[in-house]
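This report concerns only the one structure given below.
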Amino acid sequence: MITVTFDTGALIALERRRLRMWQVLRRIAEHGGVPIVPADVVAEWWRGRSDFRESILGFVSVEPLADPLARLAGEALAKVRSASSVDAIVMASAAQRGDAVYTADIDDLQKLRAFFPSVRLFGAS
């Protein structure tokens with residue numbers, strides 16, 4: 001089964017009906033996978049309920065921010081001071097499973113690869 005992590009940019013791309021991200025989502029589903037979206041990503045993306053946003057959330061699994069994940073992200077923030085907490089949580093989440101991350105902010109997440117070298121990054125636009 002394929003596991004991948006989506007960041008805020010991936011959800012925005014889906015919401016903006018970007019064909020490439022919908023194709024990615026379809027390929028993941030065809031291989032029995034469900035993208036993981038850390039809960040903090042939902043908070044960054046969500047700007048009120050709509051049927052379409054609800055539909056997008058139906059295609060992903062929202063991962064709660066548990067203590068071990070928060071601590072791992074905090075350790076990354078100590079090493080990569082220019083990173084945001086949301087980006088650190090996305091990378092920590094993906095690293096726990098050996099996932100790839102789909103993101104619109106490859107440059108920002110690339111900085112965190114120093115702490116999470118196994119995480120592969122793919123553009124979400």
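Labels for the structure tokens follow display order: chains A, B, ..., residues from 1 in each chain, ligands from 1.
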
Open item on the list: Using DSSP assignments from the backbone, pull out every residue in chain A that falls under alpha helix (DSSP H) and give it to me as number ranges by chain.
Closed with: A: 8-15, 19-30, 39-45, 51-58, 67-79, 85-97, 106-112

Same residues, C-alpha atoms, output as an mmCIF file, in the first residue's frame:
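Written file, selection24.cif:
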```cif
data_model
loop_
_atom_site.group_PDB
_atom_site.id
_atom_site.type_symbol
_atom_site.label_atom_id
_atom_site.label_comp_id
_atom_site.auth_asym_id
_atom_site.auth_seq_id
_atom_site.Cartn_x
_atom_site.Cartn_y
_atom_site.Cartn_z
ATOM 1 C CA THR A 8 -1.606 22.511 3.110
ATOM 2 C CA GLY A 9 -0.521 23.231 -0.459
ATOM 3 C CA ALA A 10 -1.739 19.804 -1.565
ATOM 4 C CA LEU A 11 -5.179 20.440 -0.069
ATOM 5 C CA ILE A 12 -5.296 23.875 -1.694
ATOM 6 C CA ALA A 13 -4.372 22.323 -5.042
ATOM 7 C CA LEU A 14 -7.223 19.834 -4.664
ATOM 8 C CA GLU A 15 -9.608 22.617 -3.695
ATOM 9 C CA LEU A 19 -5.679 18.181 -12.347
ATOM 10 C CA ARG A 20 -2.248 16.927 -11.303
ATOM 11 C CA MET A 21 -3.209 16.615 -7.616
ATOM 12 C CA TRP A 22 -6.467 14.864 -8.452
ATOM 13 C CA GLN A 23 -4.459 12.433 -10.582
ATOM 14 C CA VAL A 24 -2.082 11.843 -7.661
ATOM 15 C CA LEU A 25 -5.031 11.210 -5.357
ATOM 16 C CA ARG A 26 -6.548 8.762 -7.842
ATOM 17 C CA ARG A 27 -3.252 6.840 -8.217
ATOM 18 C CA ILE A 28 -2.914 6.570 -4.454
ATOM 19 C CA ALA A 29 -6.472 5.211 -4.166
ATOM 20 C CA GLU A 30 -5.877 2.745 -7.023
ATOM 21 C CA ALA A 39 -4.538 17.873 11.869
ATOM 22 C CA ASP A 40 -2.539 21.116 11.971
ATOM 23 C CA VAL A 41 -2.620 21.150 8.152
ATOM 24 C CA VAL A 42 -6.409 21.069 8.278
ATOM 25 C CA ALA A 43 -6.357 24.051 10.651
ATOM 26 C CA GLU A 44 -4.095 25.973 8.271
ATOM 27 C CA TRP A 45 -6.269 25.123 5.238
ATOM 28 C CA ASP A 51 -19.453 20.666 0.452
ATOM 29 C CA PHE A 52 -16.275 20.554 -1.634
ATOM 30 C CA ARG A 53 -13.962 20.869 1.400
ATOM 31 C CA GLU A 54 -15.925 18.132 3.146
ATOM 32 C CA SER A 55 -15.536 15.997 0.027
ATOM 33 C CA ILE A 56 -11.768 16.523 -0.009
ATOM 34 C CA LEU A 57 -11.534 15.491 3.649
ATOM 35 C CA GLY A 58 -13.419 12.331 2.731
ATOM 36 C CA ASP A 67 2.610 13.867 21.906
ATOM 37 C CA PRO A 68 5.332 11.782 20.155
ATOM 38 C CA LEU A 69 4.670 13.539 16.846
ATOM 39 C CA ALA A 70 4.701 16.965 18.529
ATOM 40 C CA ARG A 71 8.000 16.196 20.259
ATOM 41 C CA LEU A 72 9.645 14.962 17.067
ATOM 42 C CA ALA A 73 8.537 18.121 15.253
ATOM 43 C CA GLY A 74 9.855 20.219 18.149
ATOM 44 C CA GLU A 75 13.257 18.549 17.892
ATOM 45 C CA ALA A 76 13.325 19.391 14.183
ATOM 46 C CA LEU A 77 12.434 23.016 14.961
ATOM 47 C CA ALA A 78 15.376 23.190 17.374
ATOM 48 C CA LYS A 79 17.715 22.218 14.525
ATOM 49 C CA SER A 85 5.692 24.327 13.207
ATOM 50 C CA VAL A 86 3.186 23.163 10.565
ATOM 51 C CA ASP A 87 6.001 22.219 8.178
ATOM 52 C CA ALA A 88 7.896 20.428 10.947
ATOM 53 C CA ILE A 89 4.795 18.430 11.889
ATOM 54 C CA VAL A 90 4.187 17.480 8.239
ATOM 55 C CA MET A 91 7.758 16.254 7.863
ATOM 56 C CA ALA A 92 7.745 14.441 11.221
ATOM 57 C CA SER A 93 4.460 12.776 10.306
ATOM 58 C CA ALA A 94 5.829 11.576 6.979
ATOM 59 C CA ALA A 95 9.138 10.449 8.489
ATOM 60 C CA GLN A 96 7.361 8.170 10.978
ATOM 61 C CA ARG A 97 5.972 6.113 8.086
ATOM 62 C CA ILE A 106 9.252 22.385 -1.580
ATOM 63 C CA ASP A 107 11.858 25.025 -0.657
ATOM 64 C CA ASP A 108 10.493 25.375 2.887
ATOM 65 C CA LEU A 109 10.279 21.631 3.471
ATOM 66 C CA GLN A 110 13.654 21.013 1.833
ATOM 67 C CA LYS A 111 15.296 22.767 4.805
ATOM 68 C CA LEU A 112 13.757 20.158 7.112
#
```

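The set of residues in range 15-79 of chain A assigned to strand (DSSP E) by DSSP, using only backbone atoms of this structure, is Ile36, Val37, Pro38, Ser61, Val62 and Glu63 of chain A.
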
Task: Coordinates-based distance that separates CA of Ala100 in chain A from CA of Arg16 in chain A (Å, one decimal) - done: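 The value is 21.6 Å.
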